[in-house]
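Raw contents of structure13.csv, CSV, C-alpha atoms:
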```csv
chain,number,residue,atom,x,y,z
K,1,MET,CA,100.6,82.2,88.0
K,2,HIS,CA,101.8,84.5,90.7
K,3,VAL,CA,101.0,83.9,94.4
K,4,GLU,CA,102.2,84.9,97.8
K,5,LEU,CA,102.3,81.9,100.2
K,6,PHE,CA,103.0,81.5,103.9
K,7,ALA,CA,106.0,79.1,104.1
K,8,ASP,CA,105.1,77.6,107.4
K,9,TYR,CA,107.6,75.0,108.6
K,10,PHE,CA,110.0,76.5,106.0
K,11,GLN,CA,108.3,74.9,103.0
K,12,ILE,CA,105.8,75.2,100.3
K,13,LEU,CA,104.2,72.3,98.4
K,14,LEU,CA,103.4,71.4,94.8
K,15,LEU,CA,101.1,68.5,94.5
K,16,ASP,CA,98.9,66.5,92.2
K,17,GLU,CA,95.3,67.2,93.4
K,18,SER,CA,94.7,63.5,93.8
K,19,THR,CA,97.8,62.5,95.7
K,20,GLN,CA,97.6,60.9,99.2
K,21,SER,CA,101.4,61.1,99.7
K,22,SER,CA,103.3,62.7,102.6
K,23,LEU,CA,106.8,64.2,102.8
K,24,SER,CA,107.3,63.0,106.4
K,25,ASP,CA,110.1,60.6,105.4
K,26,ALA,CA,111.2,62.5,102.3
K,27,TRP,CA,113.0,65.3,104.1
K,28,THR,CA,116.3,63.5,104.5
K,29,SER,CA,119.5,65.5,105.1
K,30,GLU,CA,120.3,65.3,101.4
K,31,ALA,CA,116.8,66.7,100.5
K,32,VAL,CA,117.3,69.6,103.0
K,33,GLN,CA,120.7,70.3,101.5
K,34,ARG,CA,119.3,70.5,98.0
K,35,ARG,CA,116.1,72.3,99.4
K,36,LEU,CA,113.8,69.9,97.6
K,37,ALA,CA,112.0,66.7,98.6
K,38,THR,CA,109.8,64.5,96.5
K,39,GLU,CA,107.3,61.7,96.9
K,40,SER,CA,104.7,60.3,94.6
K,41,GLY,CA,102.7,63.2,93.2
K,42,LEU,CA,104.2,65.6,95.8
K,43,MET,CA,107.1,68.0,96.0
K,44,GLY,CA,108.3,70.1,98.9
K,45,ILE,CA,110.4,73.2,98.4
K,46,TRP,CA,112.5,74.2,101.4
K,47,THR,CA,112.5,78.0,102.1
K,48,GLU,CA,115.0,80.1,104.0
K,49,VAL,CA,112.2,81.8,105.9
K,50,ASN,CA,109.2,80.7,107.9
K,51,ASP,CA,107.2,83.7,106.5
K,52,ASP,CA,105.5,84.8,103.3
K,53,VAL,CA,107.3,84.0,100.1
K,54,ASP,CA,106.7,85.4,96.6
K,55,VAL,CA,106.1,82.5,94.1
K,56,SER,CA,105.8,82.7,90.3
K,57,ILE,CA,105.0,79.5,88.3
K,58,HIS,CA,105.5,79.2,84.6
K,59,LEU,CA,104.3,76.2,82.5
K,60,LEU,CA,106.7,75.8,79.6
K,61,GLU,CA,106.6,73.6,76.5
K,62,SER,CA,110.2,72.5,76.9
K,63,ARG,CA,113.3,72.8,79.0
K,64,PRO,CA,114.3,76.5,79.3
K,65,LYS,CA,117.6,77.5,77.7
K,66,SER,CA,119.1,79.3,80.7
K,67,GLU,CA,120.0,77.0,83.6
K,68,VAL,CA,120.6,79.3,86.6
K,69,GLY,CA,120.3,83.0,85.6
K,70,LEU,CA,120.7,85.4,88.5
K,71,ALA,CA,119.1,83.0,91.1
K,72,ASP,CA,120.9,82.2,94.4
K,73,HIS,CA,119.9,78.6,94.5
K,74,VAL,CA,118.5,76.4,91.6
K,75,VAL,CA,117.4,72.8,91.9
K,76,GLU,CA,115.4,70.5,89.6
K,77,GLY,CA,113.2,67.5,90.4
K,78,SER,CA,110.5,65.5,88.8
K,79,LEU,CA,106.8,65.4,89.6
K,80,GLU,CA,104.0,63.3,88.2
K,81,VAL,CA,100.6,65.0,87.9
K,82,VAL,CA,98.1,62.2,87.1
K,83,SER,CA,95.0,64.3,87.7
K,84,GLY,CA,95.9,67.2,85.4
K,85,VAL,CA,95.6,69.6,88.3
K,86,LEU,CA,98.6,71.0,90.2
K,87,VAL,CA,98.0,72.5,93.6
K,88,VAL,CA,100.4,75.2,95.0
K,89,MET,CA,100.3,75.8,98.7
K,90,GLY,CA,102.0,76.5,102.0
K,91,CYS,CA,102.2,73.2,104.0
K,92,THR,CA,99.5,74.4,106.5
K,93,ASP,CA,97.2,76.0,104.0
K,94,TYR,CA,93.7,74.7,103.6
K,95,LEU,CA,93.8,72.4,100.5
K,96,PRO,CA,90.3,73.3,99.1
K,97,ASP,CA,91.3,77.0,99.0
K,98,ALA,CA,94.8,76.5,97.5
K,99,PRO,CA,95.6,77.9,94.0
K,100,ARG,CA,95.5,75.4,91.2
K,101,LEU,CA,97.0,75.1,87.7
K,102,THR,CA,95.4,72.9,85.1
K,103,LEU,CA,97.9,71.1,82.9
K,104,PRO,CA,98.2,67.9,80.8
K,105,ALA,CA,98.5,64.8,82.9
K,106,GLY,CA,102.0,63.2,83.1
K,107,TRP,CA,105.5,63.7,84.2
K,108,PHE,CA,107.0,67.2,84.6
K,109,ARG,CA,110.5,68.5,85.3
K,110,VAL,CA,110.3,71.2,87.9
K,111,ARG,CA,113.0,73.8,88.2
K,112,VAL,CA,113.0,75.9,91.4
K,113,SER,CA,115.0,79.1,91.3
K,114,LYS,CA,115.3,81.0,94.6
K,115,SER,CA,116.5,84.5,95.0
K,116,ASN,CA,116.9,87.4,97.5
K,117,LEU,CA,118.2,84.8,100.0
K,118,GLU,CA,121.0,86.8,101.6
K,119,ALA,CA,118.6,89.8,102.1
K,120,VAL,CA,116.0,87.7,103.9
K,121,LEU,CA,118.6,86.1,106.1
K,122,SER,CA,120.4,89.3,107.0
K,123,GLU,CA,120.0,90.6,110.6
K,124,ASP,CA,118.4,93.8,109.2
K,125,ALA,CA,115.6,91.9,107.4
K,126,GLU,CA,112.1,92.5,108.7
K,127,SER,CA,109.2,90.2,108.3
K,128,VAL,CA,106.9,90.6,105.3
K,129,ASP,CA,104.4,92.2,107.7
K,130,GLY,CA,107.0,94.9,108.4
K,131,GLN,CA,107.5,95.5,104.7
K,132,GLY,CA,110.9,93.9,104.7
K,133,GLU,CA,112.7,91.6,102.3
K,134,VAL,CA,110.9,88.7,100.7
K,135,GLU,CA,112.2,85.4,99.4
K,136,ARG,CA,111.4,85.0,95.7
K,137,ILE,CA,110.8,81.6,94.2
K,138,VAL,CA,110.4,81.0,90.4
K,139,ILE,CA,109.0,77.6,89.5
K,140,ASP,CA,109.4,76.5,85.8
K,141,LEU,CA,107.8,73.2,84.8
K,142,TRP,CA,107.7,71.4,81.5
K,143,PRO,CA,106.8,67.9,80.3
K,144,GLU,CA,109.7,65.6,80.7
K,145,GLU,CA,110.1,62.0,81.9
K,146,TYR,CA,111.3,61.3,85.5
K,147,SER,CA,115.0,61.9,86.4
K,148,GLU,CA,116.7,62.2,89.8
K,149,PRO,CA,116.8,65.6,91.6
K,150,LYS,CA,119.7,67.8,90.7
K,151,VAL,CA,121.2,70.9,92.2
K,152,LEU,CA,122.2,73.3,89.4
K,153,LYS,CA,123.4,76.1,91.7
K,154,LYS,CA,123.9,75.8,95.5
K,155,PHE,CA,123.2,78.7,97.9
K,156,GLU,CA,125.8,79.0,100.6
K,157,PRO,CA,124.8,81.6,103.2
K,158,ASP,CA,127.5,84.1,104.0
K,159,SER,CA,128.9,82.9,107.3
K,160,ALA,CA,130.0,86.5,108.2
K,161,ALA,CA,126.4,87.8,108.0
```
Encoded form using structure tokens:
Amino acid sequence: MHVELFADYFQILLLDESTQSSLSDAWTSEAVQRRLATESGLMGIWTEVNDDVDVSIHLLESRPKSEVGLADHVVEGSLEVVSGVLVVMGCTDYLPDAPRLTLPAGWFRVRVSKSNLEAVLSEDAESVDGQGEVERIVIDLWPEEYSEPKVLKKFEPDSAA
């Protein structure tokens, strides 16, 4: 699945269609540092921009061999999808219209690989509306029991930019 989402409030969401959870208490300073917050049936992905982001989602059979590739920031977390329907949306999108992915019910490990981050943070970057740079997010998910969130590669913005 490939979608363009508006990352309002600097985040996009992955959620079980049946969840009633909220991330209001999940965005701790640690979650912001790793750019990932989780609650029951809900995952928030922190973005570098409050703008459109390019999102690709891949449902895999097992853990991918490569851990970080060319991404700027890579983090993993666990998400339980009890309904068998995963919703992908910006945090202010209208839920009934949000894209959905059907998958087997159960626990999934979710790897979020973010790239093009220096470009979108540069002073020369224009908004997506101006045909400028876009933050790219690749989400890989595969069946796997719950484990704690883990940062595999940490993005450190260039302080000289």
message: Here is a test: counting only C-alpha atoms, which residue of K:Met1, K:Leu103, K:Val53, K:Ala7 is nearest to Val134 of chain K?
response: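 Of K:Met1, K:Leu103, K:Val53, K:Ala7, the one nearest Val134 of chain K is K:Val53, counting only C-alpha atoms.
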message: I'd like the interatomic distance between atom CA of Leu23 of chain K and atom CA of Val85 of chain K, to a tenth of an Å.
response: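 These two atoms are separated by 19.1 Å.
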- prompt: Within 10 Å of Glu61 of chain K, counting all atoms listed in the file, which residues qualify if same-chain residues fewer than 4 places away don't, as a count of residues only?
  reply: 4
message: Give me, as a PyMOL selection string, all polymer residues having an atom no more than 7 Å from segment 36-40 of chain K, counting only C-alpha atoms and skipping those fewer than 3 positions away in the same chain.
response: chain K and resi 21+23+26-27+31-32+43-46
task: Can you pull out every residue within 9 Å of Lys153 of chain K, counting all atoms listed in the file, but drop anything in the same chain fewer than 2 positions away, and send it as a PyMOL selection string?
output: chain K and resi 67-68+71-75+113+151+155
Residues of the last selection are to be written out with C-alpha atoms, as a CSV table (one decimal), in the frame of the given file.
```
chain,number,residue,atom,x,y,z
K,67,GLU,CA,120.0,77.0,83.6
K,68,VAL,CA,120.6,79.3,86.6
K,71,ALA,CA,119.1,83.0,91.1
K,72,ASP,CA,120.9,82.2,94.4
K,73,HIS,CA,119.9,78.6,94.5
K,74,VAL,CA,118.5,76.4,91.6
K,75,VAL,CA,117.4,72.8,91.9
K,113,SER,CA,115.0,79.1,91.3
K,151,VAL,CA,121.2,70.9,92.2
K,155,PHE,CA,123.2,78.7,97.9
```
field: Distance query Arg111 of chain K at most 6 Å, only C-alpha atoms, self and fewer than 5 positions along chain excluded, as a PyMOL selection string
entry: chain K and resi 75-76+139-140
task: Please write as number ranges by chain the list of polymer residues whose atoms come within 10 Å of (101.2, 82.1, 101.6), counting all atoms listed in the file and keeping to the coordinates of the file.
output: K: 3-8, 12, 51-55, 88-93, 98
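Shortest atom-to-atom contact with Pro157 of chain K among K:Val81, K:Leu86, K:Asn116, K:Ile57: K:Asn116, counting only C-alpha atoms.
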message: Considering all atoms listed in the file, can you say which of K:His2, K:Lys154, K:Arg34, K:Lys65 comes closest to Leu101 of chain K?
response: K:His2
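Pairwise distance (atom CA of Glu133 of chain K, atom CA of Phe10 of chain K) equals 15.8 Å.
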message: One number please: atom CA of Leu13 of chain K to atom CA of Ser78 of chain K, in Å, one decimal.
response: 13.3 Å
Excluding Leu79 of chain K and residues on its chain fewer than 2 positions from it, collect all residues at most 6 Å away from it, counting all atoms listed in the file, and give them as an mmCIF file with C-alpha atoms, in the frame of the given file.
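Result file follows (result.cif):
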```cif
data_model
loop_
_atom_site.group_PDB
_atom_site.id
_atom_site.type_symbol
_atom_site.label_atom_id
_atom_site.label_comp_id
_atom_site.auth_asym_id
_atom_site.auth_seq_id
_atom_site.Cartn_x
_atom_site.Cartn_y
_atom_site.Cartn_z
ATOM 1 C CA GLY K 41 102.700 63.200 93.200
ATOM 2 C CA TRP K 107 105.500 63.700 84.200
ATOM 3 C CA PHE K 108 107.000 67.200 84.600
#
```
Could I get segment 71-123 of chain K from the block written out with C-alpha atoms, as a CSV table (one decimal), in the first residue's frame?
```
chain,number,residue,atom,x,y,z
K,71,ALA,CA,17.1,5.2,6.1
K,72,ASP,CA,17.8,8.2,8.4
K,73,HIS,CA,15.9,6.9,11.4
K,74,VAL,CA,14.6,3.3,12.0
K,75,VAL,CA,12.5,2.3,15.0
K,76,GLU,CA,10.4,-0.8,15.8
K,77,GLY,CA,7.4,-1.3,18.0
K,78,SER,CA,4.6,-3.9,18.5
K,79,LEU,CA,1.0,-3.5,17.6
K,80,GLU,CA,-1.9,-5.8,18.2
K,81,VAL,CA,-4.6,-5.8,15.5
K,82,VAL,CA,-7.5,-7.8,17.0
K,83,SER,CA,-10.1,-6.8,14.3
K,84,GLY,CA,-7.9,-7.9,11.3
K,85,VAL,CA,-8.2,-4.4,9.9
K,86,LEU,CA,-5.3,-1.9,10.1
K,87,VAL,CA,-6.2,1.8,9.5
K,88,VAL,CA,-3.5,4.2,8.3
K,89,MET,CA,-4.2,7.9,8.7
K,90,GLY,CA,-3.1,11.3,9.7
K,91,CYS,CA,-4.1,12.1,13.2
K,92,THR,CA,-6.9,14.6,12.1
K,93,ASP,CA,-8.1,12.5,9.1
K,94,TYR,CA,-11.7,11.4,9.0
K,95,LEU,CA,-11.6,7.7,10.3
K,96,PRO,CA,-14.3,6.3,8.0
K,97,ASP,CA,-12.4,7.5,4.9
K,98,ALA,CA,-8.9,6.4,6.0
K,99,PRO,CA,-7.1,3.7,4.0
K,100,ARG,CA,-7.3,0.2,5.4
K,101,LEU,CA,-5.3,-3.0,5.1
K,102,THR,CA,-6.8,-6.4,5.9
K,103,LEU,CA,-4.4,-8.8,7.7
K,104,PRO,CA,-4.6,-11.7,10.1
K,105,ALA,CA,-5.7,-10.8,13.6
K,106,GLY,CA,-2.8,-10.8,16.2
K,107,TRP,CA,0.4,-9.2,17.2
K,108,PHE,CA,2.7,-7.5,14.6
K,109,ARG,CA,6.1,-6.1,14.8
K,110,VAL,CA,6.2,-2.7,13.0
K,111,ARG,CA,9.4,-1.3,11.6
K,112,VAL,CA,9.3,2.4,10.7
K,113,SER,CA,12.1,3.6,8.4
K,114,LYS,CA,12.1,7.3,7.7
K,115,SER,CA,14.2,9.0,5.1
K,116,ASN,CA,14.9,12.3,3.3
K,117,LEU,CA,14.8,14.0,6.7
K,118,GLU,CA,17.8,16.4,6.3
K,119,ALA,CA,16.2,17.6,3.0
K,120,VAL,CA,12.8,18.3,4.6
K,121,LEU,CA,14.4,20.1,7.5
K,122,SER,CA,16.7,22.3,5.4
K,123,GLU,CA,16.0,26.0,5.2
```
